[in-house]
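First comes the structure, then the notes that go with it.
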Amino acid sequence: MSLEKTIENVAVNLLRLAVTELPRDVKEALRNAYQEETSEAGKTQLKAILNNIELAEKTRTPMCQDTGTIIFYIKAGAEVGQLDKIENALFNATKRATTEVPLRPNAVDPIQQKNTGDNTGRNIPYINWEIVPGDIIEITVMPKGGGSENVCTMNMLVPGQGIKGLKKFVIDSVIKSGSKPCPPNILGVAFGGGADIAMKLAKNALLRSLNQPHKDPKIAQLEKELLDAVNQTGIGPMGLGGKFTVLGVNVDYAVRHPASFPAAVAFNCWAARRATAQVRPDGQIKYLTHELR
Amino acid sequence: MATYKLTTPISEEDIRKLRVNDVVYITGTIVTARDQAHKRALQFHEEGKRLPLNLEGLAVFHCGPIVKKEGDKWVIVAAGPTTSTRMDIFEDDFIKNFKTRIIIGKGGMGKRTTKAMQRYGAIYGAFTGGAAVLAAKAIKNVKAVEWFDLGMPEALWILEAEEFGPLTVAIDSHGNNLFEDIKQKTQGNLNAIYKKLGIEP
Ligand code: SF4
């Protein structure tokens, strides 16, 4: 089979896996939240979420009616040839998955205000590229829900306020979003770089497993501090009150311009969907986040 | 907190028993209605026209479902709740005119709706956002669809449900609003959080 066709097939599988089954770390975090939640309303909501994802997994139907905007992250080994074929493969995979899974058509042409009907259009699915050493192609898909996307926010903070300003920005963003992003959420927080860089790093941070703190201990400490602080707001599951407003906070940063302190908060909802696979040069495929069913 | 299983049509008396934080499961008729359907229903009432069905004692669901036709039958594919605040401008008159007893949605509703629920005897049941498979499972049958000209998401889908829930009573008929309470509590917690993080408010 050609590399293009292999990638297409893998991407269709990844889309199906992503929307019907949460990655292990998110499932675990939700179960744990249900055990530890003390608010009754919060517990009821978490139980409903757990029942819902179990049912989705069993019947292989999308866990949420909003199957999101389709975003791919590609880590392409520098030794792999035919990298120019991947984009086409991912577009075709998205179209196929829309009818085969099925996914809700979520791509609207903003000028004509018309749904393209197949989840593709100008710049969507969006593909993030990273070139890495070696000969493996790693594909991650993140179908990103609209409700949690609508509260993503970025701000150019005052550099003098430093990390304190960042902390306030994160807390205020969560309070402002309330029940809208279907909590419990996962937060990707990033600062520095520039306006686009901060948001990009924040979104990328959503890809990191909840069990994997940042490798810099200072940032890992900040993640913990923010998690504790956000979960003291009391917003709780679905905004009905409780301990679990977020399941995790993943932080990243870039060095900054002396005059700027860009900061971004990316929200993911409880339906924090992502799936990853690696395609090896001998055609072997390894699914990292899910078991292929 | 108590759990109630209610069957439509639901009486005002039964609704008055419910308090915020209670959990409700509904069996019987649930009707989907979003902005357009609310608007048209109120227009009909003003013009003295009859609605396609009597809504008294029923549950109205803020939901734009995905429905497919299998043979000559409609089947619900996904039916998660949509954000309810958009219906705030209609819901008080809606409850007053049609005696709907339960409003189902996500995110809660405001003061106007809370007042009407207290006055006329209705509650708001929060259904878990995004839990579309759970919702679809409890819907046994599409009894009819009305006002299909409004489009699939906006039409009135008349659904037969079995133990649809869990719904957390977030607004009861005694003037309590859980979402408002939580919002106030959250604001109250803010200073302590700022302090712990060493932030000046
Ligand atoms: S915010 Fe997430 S869980 Fe909620 S409706 Fe949107 S995609 Fe679904």
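Lettering and numbering for the structure tokens are positional, with chains as A, B, ... in the shown order, residues counted from 1 in each chain, and ligands counted from 1 in the shown order.
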
Q.
Show me, as an MDAnalysis selection string, the residues that have an atom within 8 Å of A:Ala76 when counting only C-alpha atoms, minus same-chain residues fewer than 3 positions from it.
A. chainID A and resid 80 83 129:132 135:138

Could you list, as an mmCIF file with C-alpha atoms, in the first residue's frame, all protein and nucleic acid residues with an atom at most 9 Å from ligand 1, counting only C-alpha atoms and all ligand atoms?
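Below is the file part_14.cif, written as the result:
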data_model
loop_
_atom_site.group_PDB
_atom_site.id
_atom_site.type_symbol
_atom_site.label_atom_id
_atom_site.label_comp_id
_atom_site.auth_asym_id
_atom_site.auth_seq_id
_atom_site.Cartn_x
_atom_site.Cartn_y
_atom_site.Cartn_z
ATOM 1 C CA MET A 63 -19.488 10.495 22.965
ATOM 2 C CA CYS A 64 -20.700 14.032 22.246
ATOM 3 C CA GLN A 65 -22.909 15.387 19.473
ATOM 4 C CA ASP A 66 -20.238 17.990 18.756
ATOM 5 C CA THR A 67 -17.429 16.012 17.141
ATOM 6 C CA GLY A 68 -15.390 19.169 16.909
ATOM 7 C CA PRO A 143 -11.252 16.858 17.429
ATOM 8 C CA LYS A 144 -11.828 20.102 19.312
ATOM 9 C CA GLY A 145 -15.299 20.935 20.672
ATOM 10 C CA GLY A 146 -16.838 24.354 20.072
ATOM 11 C CA GLY A 147 -18.126 25.005 23.595
ATOM 12 C CA SER A 148 -14.696 24.750 25.150
ATOM 13 C CA GLU A 149 -13.036 26.527 22.221
ATOM 14 C CA ASN A 150 -15.320 29.546 22.678
ATOM 15 C CA LYS A 180 -19.895 27.074 29.390
ATOM 16 C CA PRO A 181 -16.964 24.777 28.500
ATOM 17 C CA CYS A 182 -18.651 21.669 30.026
ATOM 18 C CA PRO A 183 -16.405 21.258 33.078
ATOM 19 C CA ASN A 185 -11.999 20.856 31.926
ATOM 20 C CA ASN A 268 -10.659 21.377 26.680
ATOM 21 C CA CYS A 269 -13.967 19.929 27.873
ATOM 22 C CA TRP A 270 -14.479 16.593 29.656
ATOM 23 C CA ALA A 271 -14.744 15.173 26.133
ATOM 24 C CA ALA A 272 -10.999 15.761 25.778
ATOM 25 C CA GLY B 80 -27.310 16.625 23.837
ATOM 26 C CA PRO B 81 -28.563 19.795 25.509
ATOM 27 C CA THR B 82 -27.806 23.240 24.144
ATOM 28 C CA THR B 128 -24.955 16.862 31.420
ATOM 29 C CA GLY B 129 -23.478 18.899 28.569
ATOM 30 C CA GLY B 130 -22.269 16.753 25.714
ATOM 31 C CA ALA B 131 -23.717 13.496 27.089
ATOM 32 C CA ALA B 132 -25.456 12.799 23.801
#

Q) Could you list, as a PyMOL selection string, every residue of chain A that has an atom within 6 Å of an atom of chain B, counting only C-alpha atoms? A) chain A and resi 41+45+52+64-65+179+182+233-234+241

For the selection just defined, write its residues with all heavy atoms to a file, as a PDB file, in the first residue's frame.
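Result saved to again-v2.pdb:
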ATOM      1  N   ALA A  41     -24.433  17.304  43.450  1.00  0.00           N
ATOM      2  CA  ALA A  41     -24.757  17.643  42.065  1.00  0.00           C
ATOM      3  C   ALA A  41     -23.556  17.325  41.172  1.00  0.00           C
ATOM      4  O   ALA A  41     -23.706  16.796  40.068  1.00  0.00           O
ATOM      5  CB  ALA A  41     -25.133  19.119  41.951  1.00  0.00           C
ATOM      6  N   GLN A  45     -23.321  14.597  37.977  1.00  0.00           N
ATOM      7  CA  GLN A  45     -22.856  14.942  36.625  1.00  0.00           C
ATOM      8  C   GLN A  45     -21.706  14.028  36.199  1.00  0.00           C
ATOM      9  O   GLN A  45     -21.662  13.568  35.059  1.00  0.00           O
ATOM     10  CB  GLN A  45     -22.410  16.409  36.571  1.00  0.00           C
ATOM     11  CG  GLN A  45     -23.517  17.411  36.831  1.00  0.00           C
ATOM     12  CD  GLN A  45     -24.664  17.274  35.859  1.00  0.00           C
ATOM     13  OE1 GLN A  45     -24.467  17.132  34.649  1.00  0.00           O
ATOM     14  NE2 GLN A  45     -25.890  17.273  36.356  1.00  0.00           N
ATOM     15  N   ASN A  52     -22.016   7.864  30.095  1.00  0.00           N
ATOM     16  CA  ASN A  52     -22.058   8.275  28.695  1.00  0.00           C
ATOM     17  C   ASN A  52     -20.841   7.768  27.920  1.00  0.00           C
ATOM     18  O   ASN A  52     -20.975   7.249  26.809  1.00  0.00           O
ATOM     19  CB  ASN A  52     -22.145   9.805  28.619  1.00  0.00           C
ATOM     20  CG  ASN A  52     -22.305  10.306  27.207  1.00  0.00           C
ATOM     21  OD1 ASN A  52     -23.373  10.178  26.611  1.00  0.00           O
ATOM     22  ND2 ASN A  52     -21.245  10.853  26.636  1.00  0.00           N
ATOM     23  N   CYS A  64     -19.998  12.749  22.189  1.00  0.00           N
ATOM     24  CA  CYS A  64     -20.700  14.032  22.246  1.00  0.00           C
ATOM     25  C   CYS A  64     -21.202  14.357  20.845  1.00  0.00           C
ATOM     26  O   CYS A  64     -20.548  14.011  19.863  1.00  0.00           O
ATOM     27  CB  CYS A  64     -19.777  15.139  22.743  1.00  0.00           C
ATOM     28  SG  CYS A  64     -20.569  16.753  22.683  1.00  0.00           S
ATOM     29  N   GLN A  65     -22.349  15.050  20.793  1.00  0.00           N
ATOM     30  CA  GLN A  65     -22.909  15.387  19.473  1.00  0.00           C
ATOM     31  C   GLN A  65     -21.983  16.315  18.695  1.00  0.00           C
ATOM     32  O   GLN A  65     -21.959  16.306  17.476  1.00  0.00           O
ATOM     33  CB  GLN A  65     -24.309  16.006  19.613  1.00  0.00           C
ATOM     34  CG  GLN A  65     -24.375  17.414  20.218  1.00  0.00           C
ATOM     35  CD  GLN A  65     -24.345  17.411  21.739  1.00  0.00           C
ATOM     36  OE1 GLN A  65     -24.201  16.364  22.365  1.00  0.00           O
ATOM     37  NE2 GLN A  65     -24.468  18.580  22.347  1.00  0.00           N
ATOM     38  N   SER A 179     -19.894  27.563  33.514  1.00  0.00           N
ATOM     39  CA  SER A 179     -20.337  26.238  33.083  1.00  0.00           C
ATOM     40  C   SER A 179     -20.217  26.050  31.575  1.00  0.00           C
ATOM     41  O   SER A 179     -20.455  24.964  31.060  1.00  0.00           O
ATOM     42  CB  SER A 179     -21.787  26.023  33.507  1.00  0.00           C
ATOM     43  OG  SER A 179     -22.630  26.894  32.777  1.00  0.00           O
ATOM     44  N   CYS A 182     -18.357  23.021  29.548  1.00  0.00           N
ATOM     45  CA  CYS A 182     -18.651  21.669  30.026  1.00  0.00           C
ATOM     46  C   CYS A 182     -17.556  21.144  30.958  1.00  0.00           C
ATOM     47  O   CYS A 182     -16.878  20.160  30.650  1.00  0.00           O
ATOM     48  CB  CYS A 182     -18.853  20.696  28.858  1.00  0.00           C
ATOM     49  SG  CYS A 182     -20.375  20.943  27.963  1.00  0.00           S
ATOM     50  N   THR A 233     -12.309  27.203  43.195  1.00  0.00           N
ATOM     51  CA  THR A 233     -13.355  28.155  42.805  1.00  0.00           C
ATOM     52  C   THR A 233     -14.727  27.626  43.180  1.00  0.00           C
ATOM     53  O   THR A 233     -15.634  28.395  43.455  1.00  0.00           O
ATOM     54  CB  THR A 233     -13.342  28.418  41.289  1.00  0.00           C
ATOM     55  OG1 THR A 233     -13.526  27.162  40.606  1.00  0.00           O
ATOM     56  CG2 THR A 233     -12.058  29.072  40.827  1.00  0.00           C
ATOM     57  N   GLY A 234     -14.897  26.295  43.152  1.00  0.00           N
ATOM     58  CA  GLY A 234     -16.201  25.726  43.480  1.00  0.00           C
ATOM     59  C   GLY A 234     -17.145  25.615  42.292  1.00  0.00           C
ATOM     60  O   GLY A 234     -18.295  25.223  42.455  1.00  0.00           O
ATOM     61  N   GLY A 241     -21.402  23.097  40.902  1.00  0.00           N
ATOM     62  CA  GLY A 241     -20.768  23.129  42.205  1.00  0.00           C
ATOM     63  C   GLY A 241     -19.969  21.880  42.496  1.00  0.00           C
ATOM     64  O   GLY A 241     -20.408  20.780  42.205  1.00  0.00           O
TER      65      GLY A 241
END

Q.
For a quick check of understanding, using only C-alpha atoms, which of A:Lys95, A:Lys5, A:Lys27, A:Arg16 has the smallest distance to A:Leu210?
A.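 Looking at the shortest contact to A:Leu210, the residue is A:Lys27.
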
Q) Can you list, as a PyMOL selection string, every protein, DNA or RNA residue that comes within 9 Å of B:Arg101 when you count only C-alpha atoms, leaving out same-chain residues fewer than 4 positions away? A) chain B and resi 9-12+15+55-60+95+117+120-124

Q | Filtered DSSP result for stretch 115-234 of chain A, state alpha helix (DSSP H), as a PyMOL selection string | A | chain A and resi 146-149+162-177+195-205+217-230

Save out the residues we just selected, N, CA and C atoms, as a short mmCIF file (atom, residue, chain, number, x, y, z; two decimals), in the first residue's frame.
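And here's part.cif as it stands now:
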data_model
loop_
_atom_site.label_atom_id
_atom_site.label_comp_id
_atom_site.auth_asym_id
_atom_site.auth_seq_id
_atom_site.Cartn_x
_atom_site.Cartn_y
_atom_site.Cartn_z
N GLY A 146 -16.59 22.91 20.20
CA GLY A 146 -16.84 24.35 20.07
C GLY A 146 -17.08 25.04 21.41
N GLY A 147 -17.79 24.38 22.31
CA GLY A 147 -18.13 25.01 23.59
C GLY A 147 -16.90 25.36 24.41
N SER A 148 -15.90 24.46 24.39
CA SER A 148 -14.70 24.75 25.15
C SER A 148 -13.75 25.66 24.35
N GLU A 149 -13.88 25.64 23.04
CA GLU A 149 -13.04 26.53 22.22
C GLU A 149 -13.48 27.98 22.41
N GLY A 162 4.60 39.77 36.09
CA GLY A 162 5.22 38.44 36.05
C GLY A 162 4.23 37.31 36.24
N ILE A 163 4.70 36.27 36.93
CA ILE A 163 3.91 35.04 37.09
C ILE A 163 2.65 35.29 37.92
N LYS A 164 2.69 36.27 38.81
CA LYS A 164 1.48 36.60 39.57
C LYS A 164 0.36 37.04 38.63
N GLY A 165 0.74 37.87 37.68
CA GLY A 165 -0.24 38.34 36.70
C GLY A 165 -0.81 37.17 35.92
N LEU A 166 0.06 36.22 35.60
CA LEU A 166 -0.38 35.03 34.86
C LEU A 166 -1.39 34.24 35.68
N LYS A 167 -1.08 34.04 36.95
CA LYS A 167 -1.97 33.26 37.81
C LYS A 167 -3.35 33.90 37.88
N LYS A 168 -3.36 35.21 38.04
CA LYS A 168 -4.63 35.93 38.12
C LYS A 168 -5.41 35.75 36.81
N PHE A 169 -4.69 35.87 35.71
CA PHE A 169 -5.34 35.72 34.40
C PHE A 169 -5.99 34.35 34.25
N VAL A 170 -5.29 33.31 34.70
CA VAL A 170 -5.84 31.95 34.59
C VAL A 170 -7.10 31.81 35.45
N ILE A 171 -7.00 32.23 36.71
CA ILE A 171 -8.16 32.11 37.62
C ILE A 171 -9.35 32.89 37.07
N ASP A 172 -9.09 34.14 36.65
CA ASP A 172 -10.18 34.97 36.15
C ASP A 172 -10.82 34.36 34.89
N SER A 173 -9.99 33.76 34.05
CA SER A 173 -10.54 33.14 32.82
C SER A 173 -11.46 31.98 33.15
N VAL A 174 -11.06 31.20 34.15
CA VAL A 174 -11.89 30.04 34.53
C VAL A 174 -13.20 30.51 35.14
N ILE A 175 -13.13 31.51 36.01
CA ILE A 175 -14.35 32.03 36.65
C ILE A 175 -15.30 32.58 35.59
N LYS A 176 -14.73 33.29 34.63
CA LYS A 176 -15.56 33.89 33.58
C LYS A 176 -16.23 32.82 32.72
N SER A 177 -15.55 31.73 32.50
CA SER A 177 -16.10 30.71 31.61
C SER A 177 -17.22 29.91 32.28
N ALA A 195 1.97 36.54 20.70
CA ALA A 195 0.55 36.25 20.81
C ALA A 195 0.22 34.86 20.25
N ASP A 196 0.68 34.61 19.02
CA ASP A 196 0.36 33.32 18.39
C ASP A 196 1.10 32.18 19.07
N ILE A 197 2.34 32.45 19.49
CA ILE A 197 3.16 31.38 20.08
C ILE A 197 2.56 30.92 21.41
N ALA A 198 2.10 31.88 22.21
CA ALA A 198 1.51 31.53 23.51
C ALA A 198 0.29 30.63 23.31
N MET A 199 -0.58 30.98 22.38
CA MET A 199 -1.78 30.17 22.20
C MET A 199 -1.44 28.81 21.61
N LYS A 200 -0.47 28.80 20.72
CA LYS A 200 -0.07 27.53 20.12
C LYS A 200 0.51 26.58 21.17
N LEU A 201 1.34 27.12 22.04
CA LEU A 201 1.91 26.29 23.10
C LEU A 201 0.83 25.83 24.09
N ALA A 202 -0.14 26.71 24.33
CA ALA A 202 -1.22 26.35 25.25
C ALA A 202 -2.04 25.19 24.68
N LYS A 203 -2.33 25.28 23.39
CA LYS A 203 -3.08 24.20 22.72
C LYS A 203 -2.25 22.91 22.71
N ASN A 204 -0.97 23.05 22.39
CA ASN A 204 -0.09 21.88 22.38
C ASN A 204 -0.05 21.20 23.75
N ALA A 205 -0.12 22.01 24.80
CA ALA A 205 -0.05 21.46 26.15
C ALA A 205 -1.24 20.55 26.43
N PRO A 217 10.92 21.21 36.96
CA PRO A 217 10.20 21.14 38.25
C PRO A 217 9.50 22.44 38.63
N LYS A 218 10.06 23.57 38.21
CA LYS A 218 9.42 24.85 38.55
C LYS A 218 8.07 24.97 37.85
N ILE A 219 8.03 24.51 36.59
CA ILE A 219 6.77 24.58 35.82
C ILE A 219 5.79 23.52 36.36
N ALA A 220 6.33 22.36 36.71
CA ALA A 220 5.47 21.32 37.29
C ALA A 220 4.82 21.84 38.58
N GLN A 221 5.58 22.58 39.35
CA GLN A 221 5.06 23.17 40.59
C GLN A 221 3.94 24.18 40.27
N LEU A 222 4.17 24.98 39.24
CA LEU A 222 3.16 25.96 38.82
C LEU A 222 1.87 25.25 38.38
N GLU A 223 2.04 24.14 37.68
CA GLU A 223 0.87 23.36 37.23
C GLU A 223 0.04 22.93 38.42
N LYS A 224 0.74 22.45 39.44
CA LYS A 224 0.05 21.95 40.63
C LYS A 224 -0.65 23.09 41.36
N GLU A 225 0.04 24.19 41.45
CA GLU A 225 -0.50 25.34 42.16
C GLU A 225 -1.77 25.85 41.46
N LEU A 226 -1.69 25.93 40.14
CA LEU A 226 -2.85 26.40 39.37
C LEU A 226 -4.03 25.42 39.48
N LEU A 227 -3.71 24.13 39.42
CA LEU A 227 -4.76 23.11 39.54
C LEU A 227 -5.49 23.26 40.88
N ASP A 228 -4.73 23.37 41.96
CA ASP A 228 -5.34 23.52 43.28
C ASP A 228 -6.19 24.78 43.35
N ALA A 229 -5.62 25.87 42.83
CA ALA A 229 -6.32 27.16 42.92
C ALA A 229 -7.63 27.12 42.13
N VAL A 230 -7.57 26.60 40.90
CA VAL A 230 -8.76 26.58 40.05
C VAL A 230 -9.84 25.69 40.67
#
